[in-house]
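entry23.csv (CSV, C-alpha atoms) appears below.
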chain,number,residue,atom,x,y,z
A,298,ALA,CA,-20.7,12.3,3.8
A,299,GLN,CA,-17.6,10.2,3.5
A,300,THR,CA,-14.2,11.6,4.2
A,301,VAL,CA,-10.7,10.2,3.4
A,302,THR,CA,-7.6,11.3,5.3
A,303,GLN,CA,-4.0,10.8,4.4
A,304,SER,CA,-1.8,12.2,7.2
A,305,GLN,CA,1.5,11.8,5.4
A,306,PRO,CA,2.0,14.6,2.8
A,307,GLU,CA,5.4,13.2,1.9
A,308,MET,CA,7.3,9.9,2.3
A,309,SER,CA,10.6,8.7,1.1
A,310,VAL,CA,12.1,5.2,0.7
A,311,GLN,CA,15.3,3.7,-0.4
A,312,GLU,CA,15.3,1.7,-3.6
A,313,ALA,CA,14.5,-2.0,-2.8
A,314,GLU,CA,13.2,-1.2,0.6
A,315,THR,CA,9.6,-1.3,1.9
A,316,VAL,CA,7.3,1.7,2.6
A,317,THR,CA,3.8,2.0,4.0
A,318,LEU,CA,1.4,4.8,3.2
A,319,SER,CA,-1.4,5.5,5.6
A,320,CYS,CA,-5.1,6.2,4.9
A,321,THR,CA,-8.1,6.5,7.2
A,322,TYR,CA,-11.7,7.1,6.2
A,323,ASP,CA,-15.0,7.9,7.8
A,324,THR,CA,-18.3,6.4,6.7
A,325,SER,CA,-21.5,5.1,8.1
A,326,GLU,CA,-21.9,2.6,5.2
A,327,SER,CA,-21.1,-1.0,5.3
A,328,ASP,CA,-20.7,-1.7,1.6
A,329,TYR,CA,-18.0,0.2,-0.2
A,330,TYR,CA,-14.8,0.0,-2.2
A,331,LEU,CA,-11.4,1.4,-1.3
A,332,PHE,CA,-8.7,2.2,-3.8
A,333,TRP,CA,-5.1,3.4,-4.1
A,334,TYR,CA,-4.3,5.4,-7.2
A,335,LYS,CA,-0.9,6.5,-8.4
A,336,GLN,CA,-0.5,9.9,-10.1
A,337,PRO,CA,2.8,10.5,-11.9
A,338,PRO,CA,3.8,13.9,-13.3
A,339,SER,CA,1.9,13.0,-16.4
A,340,ARG,CA,-1.2,13.6,-14.2
A,341,GLN,CA,-3.0,10.4,-15.3
A,342,MET,CA,-4.5,8.5,-12.4
A,343,ILE,CA,-3.4,4.8,-12.4
A,344,LEU,CA,-5.2,2.2,-10.3
A,345,VAL,CA,-2.7,0.5,-8.0
A,346,ILE,CA,-5.0,-1.8,-6.0
A,347,ARG,CA,-8.7,-2.2,-5.0
A,348,GLN,CA,-10.3,-3.6,-1.9
A,349,GLU,CA,-14.0,-4.6,-1.4
A,350,ALA,CA,-15.1,-3.9,2.1
A,351,TYR,CA,-17.0,-7.2,2.4
A,352,LYS,CA,-13.8,-9.1,1.8
A,353,GLN,CA,-11.7,-9.8,4.9
A,354,GLN,CA,-8.7,-10.9,3.0
A,355,ASN,CA,-6.3,-8.1,2.1
A,356,ALA,CA,-5.8,-7.4,-1.5
A,357,THR,CA,-2.4,-8.0,-3.1
A,358,GLU,CA,-1.1,-7.0,-6.5
A,359,ASN,CA,2.5,-8.1,-7.1
A,360,ARG,CA,4.7,-5.7,-4.9
A,361,PHE,CA,1.6,-3.8,-3.6
A,362,SER,CA,-0.5,-5.0,-0.7
A,363,VAL,CA,-3.0,-3.4,1.6
A,364,ASN,CA,-3.7,-3.7,5.3
A,365,PHE,CA,-7.5,-3.2,5.5
A,366,GLN,CA,-8.8,-2.8,9.1
A,367,LYS,CA,-12.6,-2.2,8.6
A,368,ALA,CA,-13.4,-1.6,12.3
A,369,ALA,CA,-10.6,0.9,12.6
A,370,LYS,CA,-11.5,2.4,9.2
A,371,SER,CA,-7.9,2.1,8.1
A,372,PHE,CA,-6.5,1.2,4.7
A,373,SER,CA,-2.7,1.4,4.3
A,374,LEU,CA,-0.7,0.6,1.3
A,375,LYS,CA,2.6,-1.4,1.5
A,376,ILE,CA,5.0,-1.2,-1.4
A,377,SER,CA,7.7,-3.8,-1.2
A,378,ASP,CA,11.0,-3.8,-3.1
A,379,SER,CA,10.5,-0.1,-4.1
A,380,GLN,CA,11.5,0.9,-7.5
A,381,LEU,CA,12.4,4.3,-9.0
A,382,GLY,CA,9.3,4.1,-11.1
A,383,ASP,CA,7.1,4.0,-8.0
A,384,ALA,CA,7.9,7.6,-7.3
A,385,ALA,CA,4.6,9.5,-7.7
A,386,MET,CA,1.7,11.0,-5.8
A,387,TYR,CA,-0.5,8.3,-4.2
A,388,PHE,CA,-4.1,8.9,-3.4
A,389,CYS,CA,-6.4,6.8,-1.3
A,390,ALA,CA,-10.0,6.9,-2.5
A,391,TYR,CA,-13.5,5.7,-1.3
A,392,ARG,CA,-16.5,4.7,-3.4
A,393,SER,CA,-19.9,3.8,-1.9
A,394,GLU,CA,-21.4,0.5,-3.0
A,395,GLU,CA,-24.8,1.7,-1.7
A,396,THR,CA,-25.2,4.5,-4.2
A,397,SER,CA,-25.6,3.7,-7.9
A,398,GLY,CA,-22.8,5.1,-10.1
A,399,SER,CA,-21.3,6.9,-7.1
A,400,ARG,CA,-18.2,9.1,-7.2
A,401,LEU,CA,-14.8,8.6,-5.8
A,402,THR,CA,-13.9,10.6,-2.7
A,403,PHE,CA,-10.1,11.2,-2.5
A,404,GLY,CA,-7.7,11.9,0.2
A,405,GLU,CA,-5.1,14.7,0.1
A,406,GLY,CA,-2.4,12.5,-1.3
A,407,THR,CA,1.1,11.4,-0.3
A,408,GLN,CA,4.1,12.3,-2.4
A,409,LEU,CA,6.4,9.3,-2.5
A,410,THR,CA,10.1,9.8,-3.3
A,411,VAL,CA,12.3,6.8,-4.1
A,412,ASN,CA,16.0,7.3,-3.5
A,413,PRO,CA,18.6,5.3,-5.5
B,224,GLY,CA,-10.0,4.7,-28.4
B,225,ALA,CA,-7.6,2.8,-26.1
B,226,GLY,CA,-8.0,5.2,-23.2
B,227,VAL,CA,-9.7,8.3,-22.0
B,228,SER,CA,-8.6,11.3,-24.0
B,229,GLN,CA,-8.9,14.9,-22.8
B,230,SER,CA,-8.2,18.1,-24.8
B,231,PRO,CA,-6.6,20.5,-24.6
B,232,ARG,CA,-3.9,19.3,-22.2
B,233,TYR,CA,-3.1,22.9,-21.3
B,234,LYS,CA,-5.3,26.0,-21.5
B,235,VAL,CA,-4.5,29.5,-20.5
B,236,ALA,CA,-7.5,31.8,-20.3
B,237,LYS,CA,-7.8,35.5,-19.4
B,238,ARG,CA,-10.1,36.2,-16.5
B,239,GLY,CA,-13.6,36.6,-17.8
B,240,GLN,CA,-13.1,34.4,-20.8
B,241,ASP,CA,-15.2,31.3,-21.5
B,242,VAL,CA,-13.5,27.9,-21.9
B,243,ALA,CA,-14.6,24.4,-23.0
B,244,LEU,CA,-12.8,21.3,-22.0
B,245,ARG,CA,-13.4,18.0,-23.9
B,246,CYS,CA,-13.4,14.4,-22.7
B,247,ASP,CA,-13.5,11.4,-25.0
B,248,PRO,CA,-14.2,8.4,-22.8
B,249,ILE,CA,-13.4,4.8,-23.6
B,250,SER,CA,-15.9,3.6,-26.2
B,251,GLY,CA,-19.0,2.0,-24.7
B,252,HIS,CA,-18.4,3.3,-21.2
B,253,VAL,CA,-21.6,4.2,-19.6
B,254,SER,CA,-20.4,6.2,-16.6
B,255,LEU,CA,-18.5,9.5,-16.9
B,256,PHE,CA,-17.1,11.7,-14.2
B,257,TRP,CA,-15.5,15.1,-14.0
B,258,TYR,CA,-13.2,16.0,-11.2
B,259,GLN,CA,-11.3,19.2,-10.3
B,260,GLN,CA,-7.8,19.0,-8.8
B,261,ALA,CA,-6.3,22.1,-7.3
B,262,LEU,CA,-2.5,22.2,-7.0
B,263,GLY,CA,-1.2,19.8,-4.3
B,264,GLN,CA,-4.6,18.4,-3.5
B,265,GLY,CA,-6.7,15.4,-4.2
B,266,PRO,CA,-9.3,15.5,-7.0
B,267,GLU,CA,-12.8,16.7,-6.0
B,268,PHE,CA,-16.0,15.5,-7.7
B,269,LEU,CA,-17.8,17.9,-10.0
B,270,THR,CA,-20.4,15.9,-11.9
B,271,TYR,CA,-21.5,12.5,-13.1
B,272,PHE,CA,-23.2,11.2,-16.3
B,273,GLN,CA,-24.9,7.9,-16.9
B,274,ASN,CA,-25.0,7.8,-20.7
B,275,GLU,CA,-26.4,11.2,-21.7
B,276,ALA,CA,-28.2,11.8,-18.4
B,277,GLN,CA,-26.5,14.1,-15.9
B,278,LEU,CA,-27.5,12.3,-12.7
B,279,ASP,CA,-25.4,14.2,-10.2
B,280,LYS,CA,-24.1,17.8,-10.5
B,281,SER,CA,-23.8,18.5,-6.8
B,282,GLY,CA,-20.0,19.2,-7.1
B,283,LEU,CA,-20.2,22.0,-9.6
B,284,PRO,CA,-18.9,25.0,-7.6
B,285,SER,CA,-21.1,27.7,-9.3
B,286,ASP,CA,-23.6,28.3,-12.0
B,287,ARG,CA,-20.6,29.3,-14.2
B,288,PHE,CA,-19.8,25.6,-14.6
B,289,PHE,CA,-21.8,23.6,-17.0
B,290,ALA,CA,-21.3,20.0,-18.4
B,291,GLU,CA,-23.0,18.1,-21.1
B,292,ARG,CA,-22.8,14.7,-22.8
B,293,PRO,CA,-25.5,14.9,-25.5
B,294,GLU,CA,-25.0,11.6,-27.2
B,295,GLY,CA,-23.7,9.6,-24.3
B,296,SER,CA,-20.1,9.5,-25.4
B,297,VAL,CA,-18.0,12.7,-25.7
B,298,SER,CA,-18.5,15.2,-22.8
B,299,THR,CA,-17.7,18.9,-22.5
B,300,LEU,CA,-17.1,20.9,-19.4
B,301,LYS,CA,-17.7,24.6,-19.9
B,302,ILE,CA,-16.7,27.3,-17.6
B,303,GLN,CA,-18.1,30.8,-18.2
B,304,ARG,CA,-16.5,34.0,-17.1
B,305,THR,CA,-13.4,32.3,-15.7
B,306,GLN,CA,-11.9,33.5,-12.5
B,307,GLN,CA,-8.5,32.9,-11.0
B,308,GLU,CA,-9.9,30.3,-8.5
B,309,ASP,CA,-10.9,28.2,-11.4
B,310,SER,CA,-7.2,27.4,-12.1
B,311,ALA,CA,-6.8,23.7,-11.6
B,312,VAL,CA,-6.4,20.4,-13.4
B,313,TYR,CA,-9.7,19.0,-14.7
B,314,LEU,CA,-9.8,15.2,-14.8
B,315,CYS,CA,-12.3,13.1,-16.7
B,316,ALA,CA,-12.9,9.4,-15.8
B,317,SER,CA,-15.1,6.8,-17.4
B,318,SER,CA,-16.2,3.3,-16.3
B,319,ARG,CA,-17.9,0.4,-18.1
B,320,GLY,CA,-21.0,0.2,-16.1
B,321,VAL,CA,-23.1,1.8,-13.4
B,322,GLU,CA,-21.9,-0.6,-10.8
B,323,TRP,CA,-18.2,-0.1,-11.5
B,324,THR,CA,-15.1,-1.3,-9.8
B,325,GLU,CA,-12.5,0.5,-11.9
B,326,ALA,CA,-12.6,4.1,-13.3
B,327,PHE,CA,-10.2,5.0,-16.1
B,328,PHE,CA,-8.8,8.5,-16.0
B,329,GLY,CA,-7.6,10.8,-18.7
B,330,GLN,CA,-4.4,12.9,-18.4
B,331,GLY,CA,-6.5,16.0,-17.5
B,332,THR,CA,-6.6,19.6,-18.7
B,333,ARG,CA,-4.5,22.1,-16.8
B,334,LEU,CA,-6.4,25.4,-16.8
B,335,THR,CA,-4.6,28.5,-15.8
B,336,VAL,CA,-6.6,31.7,-15.5
B,337,VAL,CA,-4.5,34.9,-15.7
Encoded form using structure tokens:
Amino acid sequence: AQTVTQSQPEMSVQEAETVTLSCTYDTSESDYYLFWYKQPPSRQMILVIRQEAYKQQNATENRFSVNFQKAAKSFSLKISDSQLGDAAMYFCAYRSEETSGSRLTFGEGTQLTVNP
Amino acid sequence: GAGVSQSPRYKVAKRGQDVALRCDPISGHVSLFWYQQALGQGPEFLTYFQNEAQLDKSGLPSDRFFAERPEGSVSTLKIQRTQQEDSAVYLCASSRGVEWTEAFFGQGTRLTVV
């Protein structure tokens, strides 16, 4: 079974600064997707960024980028130019590409605070 | 609809009461998932539907939990004889196909059992 670990329960960053959230995972599979989701107090999970394991190039979405280290099974999220609206719970998640219709496996989450 | 809709948003149940939680996925989405999120934790998988077929129910914690999606659209998660440990947020997600790359989540139902 796959597991996802987020070792930082809480992180804080000053507005306009850069912060990195850590995620490690364990799997024996070679084909999978990794995701970062944002969950504000409204509870709705919002996709931040997605990475296909077969792609060596790190995914980037505007101010959000990942550092994907497949051999180390590490998938960190970097938020540049942090904004007050980035404050939320962030979850790292894994999805197998080797199982049809497979579920997401989530980490425990990191609560991000953005200080003005 | 424009997004995944869940109702009710909040539900308070007395211990022993039965509850039914509803999920309206995005129209045409084949895959539908239910997750349970305890306070301060990440969501945990409960069950998966492909159209009306429940293909994976390995995450359902007990036989008190039952889910259905009879016409391949709206889904209902039913919890019988609720217990305090059932208190959590229940999230529904849908995706366009079977081989999906993005799941769309509803705002969840917060269930409190007193």
In terms of the shortest atom-to-atom distance over only C-alpha atoms, which of B:Gln307, B:Gln240, B:Ser250, B:Gln273 is closest to chain A?
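Nearest to chain A: B:Gln273.
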Find the nearest atom pair between each residue of chain B and chain A for residues within 12 Å, count all atoms listed in the file, give distances in Å to one decimal, sort rows by chain and ascending number, and present the table as a tab-separated table.
residue	atom	partner	partner_atom	distance
B:Gly226	CA	A:Gln341	CA	10.7
B:Val227	CA	A:Gln341	CA	9.7
B:Ser228	CA	A:Gln341	CA	10.4
B:Gln229	CA	A:Gln341	CA	10.6
B:Arg232	CA	A:Arg340	CA	10.2
B:Tyr233	CA	A:Arg340	CA	11.9
B:Val253	CA	A:Gly398	CA	9.6
B:Ser254	CA	A:Gly398	CA	7.0
B:Leu255	CA	A:Gly398	CA	9.2
B:Phe256	CA	A:Arg400	CA	7.5
B:Trp257	CA	A:Arg400	CA	9.5
B:Tyr258	CA	A:Leu401	CA	9.3
B:Gln259	CA	A:Phe403	CA	11.2
B:Gln260	CA	A:Arg340	CA	10.1
B:Ala261	CA	A:Glu405	CA	10.5
B:Leu262	CA	A:Glu405	CA	10.6
B:Gly263	CA	A:Glu405	CA	7.8
B:Gln264	CA	A:Glu405	CA	5.2
B:Gly265	CA	A:Glu405	CA	4.6
B:Pro266	CA	A:Phe403	CA	6.3
B:Glu267	CA	A:Thr402	CA	7.0
B:Phe268	CA	A:Arg400	CA	6.8
B:Leu269	CA	A:Arg400	CA	9.2
B:Thr270	CA	A:Arg400	CA	8.6
B:Tyr271	CA	A:Arg400	CA	7.6
B:Phe272	CA	A:Gly398	CA	8.7
B:Gln273	CA	A:Gly398	CA	7.6
B:Asn274	CA	A:Gly398	CA	11.2
B:Ala276	CA	A:Gly398	CA	12.0
B:Gln277	CA	A:Gly398	CA	11.3
B:Leu278	CA	A:Gly398	CA	9.0
B:Asp279	CA	A:Ser399	CA	8.9
B:Lys280	CA	A:Arg400	CA	11.0
B:Ser281	CA	A:Arg400	CA	10.9
B:Gly282	CA	A:Arg400	CA	10.3
B:Ala311	CA	A:Arg340	CA	11.8
B:Val312	CA	A:Arg340	CA	8.6
B:Tyr313	CA	A:Arg340	CA	10.1
B:Leu314	CA	A:Gln341	CA	8.3
B:Cys315	CA	A:Gln341	CA	9.8
B:Ala316	CA	A:Met342	CA	9.1
B:Ser317	CA	A:Gly398	CA	10.7
B:Ser318	CA	A:Gly398	CA	9.2
B:Arg319	CA	A:Gly398	CA	10.5
B:Gly320	CA	A:Gly398	CA	8.0
B:Val321	CA	A:Gly398	CA	4.7
B:Glu322	CA	A:Gly398	CA	5.8
B:Trp323	CA	A:Gly398	CA	7.1
B:Thr324	CA	A:Tyr330	CA	7.7
B:Glu325	CA	A:Leu344	CA	7.7
B:Ala326	CA	A:Leu344	CA	8.2
B:Phe327	CA	A:Met342	CA	7.6
B:Phe328	CA	A:Met342	CA	5.6
B:Gly329	CA	A:Gln341	CA	5.7
B:Gln330	CA	A:Gln341	CA	4.2
B:Gly331	CA	A:Arg340	CA	6.7
B:Thr332	CA	A:Arg340	CA	9.2
B:Arg333	CA	A:Arg340	CA	9.5
From the options A:Val310, A:Val411, A:Val316, A:Val363, which residue's atoms come nearest to A:Ile376, counting only C-alpha atoms?
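Looking only at the distances to A:Ile376, the closest residue turns out to be A:Val316.
Taking atom CA of A:Cys320 and atom CA of A:Ala298 as endpoints, the distance between them is 16.8 Å.
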Spatial neighbours of B:Ser298, 9 Å, all atoms listed in the file, chain gap at least 5 places, as a list in words:
Leu244, Arg245, Cys246, Asp247, Pro248, Leu255, Phe272, Glu275, Ala290, Glu291, Arg292, Pro293 and Cys315 of chain B
I need the chosen residues saved as a PDB file, keeping the file's coordinate frame, with C-alpha atoms.
ATOM      1  CA  LEU B 244     -12.800  21.300 -22.000  1.00  0.00           C
ATOM      2  CA  ARG B 245     -13.400  18.000 -23.900  1.00  0.00           C
ATOM      3  CA  CYS B 246     -13.400  14.400 -22.700  1.00  0.00           C
ATOM      4  CA  ASP B 247     -13.500  11.400 -25.000  1.00  0.00           C
ATOM      5  CA  PRO B 248     -14.200   8.400 -22.800  1.00  0.00           C
ATOM      6  CA  LEU B 255     -18.500   9.500 -16.900  1.00  0.00           C
ATOM      7  CA  PHE B 272     -23.200  11.200 -16.300  1.00  0.00           C
ATOM      8  CA  GLU B 275     -26.400  11.200 -21.700  1.00  0.00           C
ATOM      9  CA  ALA B 290     -21.300  20.000 -18.400  1.00  0.00           C
ATOM     10  CA  GLU B 291     -23.000  18.100 -21.100  1.00  0.00           C
ATOM     11  CA  ARG B 292     -22.800  14.700 -22.800  1.00  0.00           C
ATOM     12  CA  PRO B 293     -25.500  14.900 -25.500  1.00  0.00           C
ATOM     13  CA  CYS B 315     -12.300  13.100 -16.700  1.00  0.00           C
TER      14      CYS B 315
END
Å distance separating atom CA of A:Asn364 from atom CA of A:Asp378, one decimal place
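The value is 16.9 Å.
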In Å, rounded to a single decimal, give me how far atom CA of A:Ala384 is from atom CA of A:Ser309.
8.9 Å
Non-local contacts of A:Thr317 (8 Å; all atoms listed in the file; under 3 positions in same chain excluded) as a list of chain:residue names
A:Ser373, A:Leu374, A:Lys375, A:Ile376
For A:Glu358, which residue among A:Ser377, A:Ser371, A:Thr321, A:Gln311 is the nearest when counting only C-alpha atoms?
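Using only C-alpha atoms, A:Glu358 sits closest to A:Ser377.
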